>>> print(open('work_22.tsv').read())   # TSV, C-alpha atoms
chain	number	residue	atom	x	y	z
A	200	MET	CA	0.00	0.00	0.00
A	201	SER	CA	2.72	2.44	0.90
A	202	LEU	CA	4.45	1.61	-2.39
A	203	ILE	CA	1.43	2.97	-4.24
A	204	GLU	CA	1.50	6.12	-2.11
A	205	ILE	CA	5.22	6.62	-2.78
A	206	ALA	CA	4.77	6.03	-6.52
A	207	LEU	CA	1.79	8.38	-6.80
A	208	GLY	CA	3.37	11.05	-4.61
A	209	GLY	CA	6.61	10.74	-6.57
A	210	PHE	CA	4.83	11.09	-9.89
A	211	LEU	CA	2.97	14.21	-8.76
A	212	GLY	CA	6.09	15.70	-7.14
A	213	ALA	CA	8.17	15.24	-10.30
A	214	MET	CA	5.39	16.74	-12.44
A	215	ALA	CA	5.12	19.74	-10.10
A	216	ARG	CA	8.90	20.25	-10.32
A	217	TYR	CA	8.70	20.04	-14.12
A	218	LEU	CA	6.04	22.77	-14.16
A	219	PHE	CA	8.45	25.07	-12.32
A	220	TYR	CA	11.16	24.23	-14.90
A	221	LEU	CA	8.82	25.20	-17.73
A	222	VAL	CA	8.01	28.53	-16.08
A	223	ALA	CA	11.66	29.32	-15.24
A	224	GLU	CA	12.76	28.34	-18.75
A	225	SER	CA	10.17	30.44	-20.56
A	226	ARG	CA	10.37	33.47	-18.27
A	227	TRP	CA	14.08	33.72	-17.55
A	228	ARG	CA	15.76	31.09	-19.83
A	229	GLN	CA	17.22	29.83	-16.56
A	230	PRO	CA	15.91	26.43	-15.35
A	231	LYS	CA	18.30	26.36	-12.40
A	232	ILE	CA	16.17	29.03	-10.71
A	233	ALA	CA	13.42	26.40	-10.63
A	234	THR	CA	15.69	23.87	-8.91
A	235	LEU	CA	16.61	26.45	-6.27
A	236	PHE	CA	12.96	27.33	-5.78
A	237	VAL	CA	11.68	23.73	-5.44
A	238	ASN	CA	14.50	22.82	-3.05
A	239	ILE	CA	13.80	25.75	-0.74
A	240	LEU	CA	10.02	25.40	-0.94
A	241	GLY	CA	10.22	21.62	-0.49
A	242	SER	CA	12.48	22.04	2.55
A	243	PHE	CA	9.98	24.45	4.08
A	244	VAL	CA	7.09	22.03	3.51
A	245	ILE	CA	8.98	19.00	4.89
A	246	GLY	CA	9.83	21.14	7.94
A	247	ALA	CA	6.14	21.81	8.43
A	248	PHE	CA	5.27	18.10	8.14
A	249	VAL	CA	8.02	16.90	10.45
A	250	GLY	CA	7.44	19.76	12.90
A	251	SER	CA	3.77	18.89	13.21
A	252	GLY	CA	4.52	15.17	13.55
A	253	ASN	CA	2.88	14.20	10.25
A	254	LEU	CA	5.13	11.55	8.66
A	255	SER	CA	2.98	10.65	5.66
A	256	VAL	CA	4.99	8.58	3.15
A	257	PHE	CA	2.85	9.98	0.32
A	258	TRP	CA	4.05	13.51	1.12
A	259	LEU	CA	7.55	12.91	2.54
A	260	THR	CA	9.04	10.02	0.57
A	261	GLY	CA	6.73	10.43	-2.41
A	262	PHE	CA	5.83	14.00	-3.25
A	263	LEU	CA	8.54	16.05	-1.51
A	264	GLY	CA	11.24	13.47	-2.21
A	265	ALA	CA	10.63	13.78	-5.94
A	266	PHE	CA	9.70	17.48	-5.94
A	267	THR	CA	13.12	18.43	-4.56
A	268	THR	CA	16.33	17.24	-6.20
A	269	PHE	CA	19.99	16.98	-5.32
A	270	SER	CA	21.33	15.60	-8.60
A	271	THR	CA	20.14	18.49	-10.78
A	272	MET	CA	21.57	20.99	-8.31
A	273	SER	CA	24.96	19.22	-8.35
A	274	LEU	CA	24.99	19.05	-12.14
A	275	ASP	CA	24.15	22.74	-12.53
A	276	ALA	CA	26.97	23.68	-10.17
A	277	VAL	CA	29.44	21.49	-12.09
A	278	LYS	CA	28.40	23.15	-15.36
A	279	ASP	CA	29.16	26.56	-13.84
A	280	PHE	CA	32.53	25.28	-12.60
A	281	GLU	CA	33.40	23.88	-16.04
A	282	ASP	CA	32.62	27.27	-17.57
A	283	GLY	CA	35.01	28.86	-15.09
A	284	LYS	CA	32.12	30.56	-13.26
A	285	TRP	CA	33.33	29.56	-9.80
A	286	LEU	CA	31.59	32.32	-7.92
A	287	ALA	CA	28.26	31.62	-9.65
A	288	GLY	CA	28.50	27.89	-8.87
A	289	ILE	CA	29.46	28.39	-5.24
A	290	SER	CA	26.77	31.05	-4.75
A	291	TYR	CA	24.18	28.76	-6.30
A	292	LEU	CA	25.05	25.86	-3.97
A	293	ALA	CA	25.15	28.21	-0.98
A	294	ALA	CA	21.71	29.62	-1.86
A	295	ASN	CA	20.24	26.08	-2.00
A	296	LEU	CA	21.88	25.02	1.28
A	297	VAL	CA	21.24	28.14	3.32
A	298	GLY	CA	17.75	28.66	1.90
A	299	GLY	CA	16.76	25.01	2.38
A	300	LEU	CA	18.09	24.70	5.90
A	301	GLY	CA	16.80	28.13	6.94
A	302	LEU	CA	13.25	27.55	5.72
A	303	PHE	CA	13.24	23.99	7.08
A	304	ALA	CA	14.12	25.42	10.51
A	305	VAL	CA	11.49	28.18	10.28
A	306	ALA	CA	8.73	25.73	9.33
A	307	TYR	CA	9.88	23.18	11.91
A	308	MET	CA	9.63	25.79	14.68
A	309	ILE	CA	6.29	27.24	13.53
A	310	PHE	CA	4.37	23.99	12.93
B	196	MET	CA	7.55	7.60	-9.90
B	197	ALA	CA	10.20	4.95	-10.61
B	198	GLY	CA	12.83	7.27	-9.10
B	199	SER	CA	10.84	7.56	-5.88
B	200	LEU	CA	10.34	3.80	-5.66
B	201	LEU	CA	14.06	3.18	-6.18
B	202	ARG	CA	14.78	5.72	-3.45
B	203	ALA	CA	12.30	4.00	-1.10
B	204	TRP	CA	13.97	0.68	-1.88
B	205	ILE	CA	17.40	2.05	-0.87
B	206	TYR	CA	15.88	3.55	2.29
B	207	ALA	CA	14.66	0.05	3.14
B	208	ALA	CA	17.87	-1.74	2.12
B	209	VAL	CA	20.50	0.64	3.58
B	210	PRO	CA	20.21	1.39	7.29
B	211	GLY	CA	19.98	4.80	8.91
B	212	THR	CA	21.20	8.08	7.49
B	213	VAL	CA	23.72	6.37	5.18
B	214	SER	CA	20.94	5.73	2.63
B	215	LEU	CA	20.66	9.40	1.69
B	216	TRP	CA	24.40	9.55	0.94
B	217	VAL	CA	24.09	6.52	-1.33
B	218	ILE	CA	21.08	8.02	-3.09
B	219	ASN	CA	22.43	11.52	-3.66
B	220	ILE	CA	25.92	10.42	-4.67
B	221	ILE	CA	24.82	7.69	-7.08
B	222	GLY	CA	22.06	9.89	-8.51
B	223	SER	CA	24.43	12.82	-9.05
B	224	PHE	CA	26.99	10.57	-10.74
B	225	LEU	CA	24.36	9.09	-13.02
B	226	ILE	CA	22.85	12.45	-14.02
B	227	GLY	CA	26.30	13.66	-15.14
B	228	PHE	CA	26.88	10.42	-17.02
B	229	ALA	CA	23.42	10.54	-18.59
B	230	VAL	CA	23.81	14.11	-19.82
B	231	MET	CA	26.82	13.01	-21.88
B	232	LYS	CA	25.53	9.63	-22.99
B	233	LEU	CA	22.14	11.00	-24.02
B	234	SER	CA	23.33	14.11	-25.85
B	235	GLY	CA	21.81	13.99	-29.32
B	236	LYS	CA	19.02	11.63	-28.18
B	237	SER	CA	15.39	12.72	-28.16
B	238	ALA	CA	14.33	15.51	-25.81
B	239	GLU	CA	11.67	13.21	-24.33
B	240	LEU	CA	14.21	10.54	-23.39
B	241	ARG	CA	16.56	13.09	-21.81
B	242	LEU	CA	13.66	14.64	-19.89
B	243	PHE	CA	12.51	11.22	-18.67
B	244	ILE	CA	15.93	10.06	-17.48
B	245	SER	CA	17.42	13.30	-16.14
B	246	THR	CA	14.51	15.37	-14.87
B	247	GLY	CA	12.16	12.48	-14.18
B	248	LEU	CA	14.03	9.39	-13.02
B	249	LEU	CA	17.24	10.85	-11.55
B	250	GLY	CA	15.72	14.16	-10.45
B	251	SER	CA	13.14	12.23	-8.40
B	252	PHE	CA	15.58	9.58	-7.19
B	253	THR	CA	17.77	12.16	-5.43
B	254	THR	CA	16.20	14.47	-2.92
B	255	PHE	CA	16.89	17.72	-1.16
B	256	SER	CA	14.01	17.80	1.34
B	257	ALA	CA	15.25	14.76	3.29
B	258	PHE	CA	18.74	16.29	3.17
B	259	SER	CA	17.50	19.48	4.85
B	260	ASN	CA	15.80	17.35	7.49
B	261	ASP	CA	18.89	15.20	8.19
B	262	TRP	CA	21.13	18.24	8.11
B	263	PHE	CA	18.99	20.01	10.69
B	264	ARG	CA	19.20	16.89	12.90
B	265	ALA	CA	23.00	16.83	12.54
B	266	LEU	CA	23.20	20.51	13.54
B	267	GLU	CA	20.99	19.81	16.53
B	268	SER	CA	23.43	17.18	17.77
B	269	SER	CA	26.44	19.48	17.35
B	270	ALA	CA	27.40	22.53	15.29
B	271	ALA	CA	30.60	20.84	14.09
B	272	ALA	CA	28.81	17.65	13.01
B	273	GLY	CA	26.24	19.75	11.19
B	274	ILE	CA	28.75	21.86	9.31
B	275	VAL	CA	30.72	18.78	8.25
B	276	TYR	CA	27.52	17.00	7.19
B	277	GLY	CA	26.28	19.83	4.97
B	278	PHE	CA	29.61	20.49	3.29
B	279	ALA	CA	30.50	16.82	2.85
B	280	MET	CA	27.18	15.82	1.28
B	281	THR	CA	27.30	18.73	-1.15
B	282	ALA	CA	30.97	18.26	-2.05
B	283	ALA	CA	30.47	14.50	-2.54
B	284	ALA	CA	27.45	14.97	-4.81
B	285	VAL	CA	29.13	17.72	-6.87
B	286	ALA	CA	32.27	15.58	-7.23
B	287	ALA	CA	30.10	12.61	-8.27
B	288	ALA	CA	28.32	14.70	-10.92
B	289	ALA	CA	31.69	15.92	-12.24
B	290	ALA	CA	32.98	12.33	-12.36
B	291	GLY	CA	29.85	11.24	-14.21
B	292	LEU	CA	30.23	14.00	-16.80
B	293	TRP	CA	33.91	13.17	-17.24
B	294	LEU	CA	33.36	9.43	-17.70
B	295	GLY	CA	30.40	10.02	-20.00
B	296	ARG	CA	32.41	12.44	-22.11
B	297	LYS	CA	35.29	9.98	-22.50
B	298	GLY	CA	32.85	7.47	-23.92
B	299	VAL	CA	31.21	10.01	-26.22
B	300	LYS	CA	34.49	11.02	-27.85
B	301	GLU	CA	35.56	7.49	-28.72
>>> encode(input="work_22.tsv", output="structure tokens")
Amino acid sequence: MSLIEIALGGFLGAMARYLFYLVAESRWRQPKIATLFVNILGSFVIGAFVGSGNLSVFWLTGFLGAFTTFSTMSLDAVKDFEDGKWLAGISYLAANLVGGLGLFAVAYMIF
Amino acid sequence: MAGSLLRAWIYAAVPGTVSLWVINIIGSFLIGFAVMKLSGKSAELRLFISTGLLGSFTTFSAFSNDWFRALESSAAAGIVYGFAMTAAAVAAAAAGLWLGRKGVKE
């Protein structure tokens, strides 16, 4: 049963992330903004779930697990590094880390 | 969907907080490798593998959660955790790109 919840949540989370890519791509020609946004937003939401004691596998392992992504973030940073844009790559990683942890903590305390 | 199920399978198979390291490092390596191996393939296939499968397999939300826990236990453990996970995943993605590129040029 929980496998179905994880699969369905994962499907919806990945689709939601893809929608943000489409918006970021068409508006700013910059899909990495979408990765930053989903990672920070997803960290806030998981903070709210964990803070309130709701450990739903549909939301945590399924939806939020797939909505947020580590691999795309790593790849985007490596592309910056390969282009010699060290400051851009480091800033991008820092924004993900600080934003994600910060909003996780805020939501965890509030909920 | 498949990415989330694979992630759940590793959660079940690998004990404790080690599972997230396995997931994010392997996923980051594979996305770098896939970008090179799939260049020139259809946009749908690249979207399915990179954004869909590997994007969903790795996760940032559980990382934020585990990182917060590590910081709660000690500031030093937390700082090491955050830096090490990020550095390991970035290095894995770079290694994946490099290995994929070697194959592409042959």
>>> interface_residues(input="work_22.tsv", of="chain A", to="chain B", cutoff="7 Å", atoms="only C-alpha atoms", output="VMD selection string")
chain A and resid 205 to 207 209 to 210 213 238 241 to 242 245 261 263 to 271 273 to 274 277 299 to 300 303
>>> residues_around(input="work_22.tsv", residues="Ile239 in chain A", least_positions_apart="4", cutoff="8 Å", atoms="all atoms listed in the file", output="list in words")
Leu235, Phe243, Asn295, Gly298, Gly299, Leu300 and Leu302 of chain A
>>> atom_distance(input="work_22.tsv", atom1="CA of Val249 in chain A", atom2="CA of Pro230 in chain A")
28.6 Å
>>> closest_residue(input="work_22.tsv", among="B:Phe243, B:Tyr276, B:Trp216, B:Phe228", to="Gly298 in chain B", atoms="all atoms listed in the file")
B:Phe228
>>> residues_near_point(input="work_22.tsv", point="(12.9, 26.8, -8.9)", cutoff="10 Å", atoms="only C-alpha atoms", output="list in words")
Arg216, Tyr217, Leu218, Phe219, Tyr220, Leu221, Val222, Ala223, Glu224, Gln229, Pro230, Lys231, Ile232, Ala233, Thr234, Leu235, Phe236, Val237, Asn238, Ile239, Leu240 and Thr267 of chain A
>>> write_last_selection(input="work_22.tsv", atoms="C-alpha atoms", output="short mmCIF file (atom, residue, chain, number, x, y, z; two decimals), in the coordinates of the input")
data_model
loop_
_atom_site.label_atom_id
_atom_site.label_comp_id
_atom_site.auth_asym_id
_atom_site.auth_seq_id
_atom_site.Cartn_x
_atom_site.Cartn_y
_atom_site.Cartn_z
CA ARG A 216 8.90 20.25 -10.32
CA TYR A 217 8.70 20.04 -14.12
CA LEU A 218 6.04 22.77 -14.16
CA PHE A 219 8.45 25.07 -12.32
CA TYR A 220 11.16 24.23 -14.90
CA LEU A 221 8.82 25.20 -17.73
CA VAL A 222 8.01 28.53 -16.08
CA ALA A 223 11.66 29.32 -15.24
CA GLU A 224 12.76 28.34 -18.75
CA GLN A 229 17.22 29.83 -16.56
CA PRO A 230 15.91 26.43 -15.35
CA LYS A 231 18.30 26.36 -12.40
CA ILE A 232 16.17 29.03 -10.71
CA ALA A 233 13.42 26.40 -10.63
CA THR A 234 15.69 23.87 -8.91
CA LEU A 235 16.61 26.45 -6.27
CA PHE A 236 12.96 27.33 -5.78
CA VAL A 237 11.68 23.73 -5.44
CA ASN A 238 14.50 22.82 -3.05
CA ILE A 239 13.80 25.75 -0.74
CA LEU A 240 10.02 25.40 -0.94
CA THR A 267 13.12 18.43 -4.56
#
>>> closest_residue(input="work_22.tsv", among="B:Ile205, B:Met231, B:Leu215, B:Ala272", to="Lys297 in chain B", atoms="all atoms listed in the file")
B:Met231
>>> atom_distance(input="work_22.tsv", atom1="CA of Ala306 in chain A", atom2="CA of Val244 in chain A")
7.1 Å
>>> atom_distance(input="work_22.tsv", atom1="CA of Ile289 in chain A", atom2="CA of Ala276 in chain A")
7.3 Å
>>> closest_residue(input="work_22.tsv", among="A:Gly246, A:Leu254, A:Met214, A:Arg226", to="Gly301 in chain A", atoms="all atoms listed in the file")
A:Gly246
>>> decode(input="work_22.tsv", residues="range 283-301 of chain A", atoms="N, CA and C atoms", output="short mmCIF file (atom, residue, chain, number, x, y, z; two decimals), in the first residue's frame")
data_model
loop_
_atom_site.label_atom_id
_atom_site.label_comp_id
_atom_site.auth_asym_id
_atom_site.auth_seq_id
_atom_site.Cartn_x
_atom_site.Cartn_y
_atom_site.Cartn_z
N GLY A 283 34.14 27.92 -15.79
CA GLY A 283 35.01 28.86 -15.09
C GLY A 283 34.26 29.84 -14.20
N LYS A 284 32.92 29.65 -14.09
CA LYS A 284 32.12 30.56 -13.26
C LYS A 284 32.08 30.03 -11.83
N TRP A 285 33.21 30.12 -11.16
CA TRP A 285 33.33 29.56 -9.80
C TRP A 285 32.43 30.25 -8.82
N LEU A 286 32.40 31.57 -8.89
CA LEU A 286 31.59 32.32 -7.92
C LEU A 286 30.11 32.01 -8.11
N ALA A 287 29.67 31.92 -9.37
CA ALA A 287 28.26 31.62 -9.65
C ALA A 287 27.90 30.23 -9.10
N GLY A 288 28.78 29.25 -9.33
CA GLY A 288 28.50 27.89 -8.87
C GLY A 288 28.44 27.79 -7.36
N ILE A 289 29.42 28.42 -6.71
CA ILE A 289 29.46 28.39 -5.24
C ILE A 289 28.24 29.12 -4.65
N SER A 290 27.91 30.28 -5.24
CA SER A 290 26.77 31.05 -4.75
C SER A 290 25.48 30.26 -4.91
N TYR A 291 25.38 29.55 -6.05
CA TYR A 291 24.18 28.76 -6.30
C TYR A 291 24.02 27.65 -5.27
N LEU A 292 25.11 26.92 -5.00
CA LEU A 292 25.05 25.86 -3.97
C LEU A 292 24.72 26.47 -2.61
N ALA A 293 25.38 27.58 -2.28
CA ALA A 293 25.15 28.21 -0.98
C ALA A 293 23.69 28.64 -0.84
N ALA A 294 23.10 29.18 -1.92
CA ALA A 294 21.71 29.62 -1.86
C ALA A 294 20.78 28.44 -1.59
N ASN A 295 21.04 27.29 -2.25
CA ASN A 295 20.24 26.08 -2.00
C ASN A 295 20.37 25.63 -0.54
N LEU A 296 21.62 25.56 -0.07
CA LEU A 296 21.88 25.02 1.28
C LEU A 296 21.32 25.93 2.36
N VAL A 297 21.67 27.20 2.28
CA VAL A 297 21.24 28.14 3.32
C VAL A 297 19.73 28.33 3.27
N GLY A 298 19.20 28.48 2.05
CA GLY A 298 17.75 28.66 1.90
C GLY A 298 16.99 27.43 2.39
N GLY A 299 17.45 26.25 2.00
CA GLY A 299 16.76 25.01 2.38
C GLY A 299 16.79 24.79 3.88
N LEU A 300 17.97 24.92 4.45
CA LEU A 300 18.09 24.70 5.90
C LEU A 300 17.33 25.77 6.69
N GLY A 301 17.46 27.01 6.24
CA GLY A 301 16.80 28.13 6.94
C GLY A 301 15.28 27.96 6.94
#
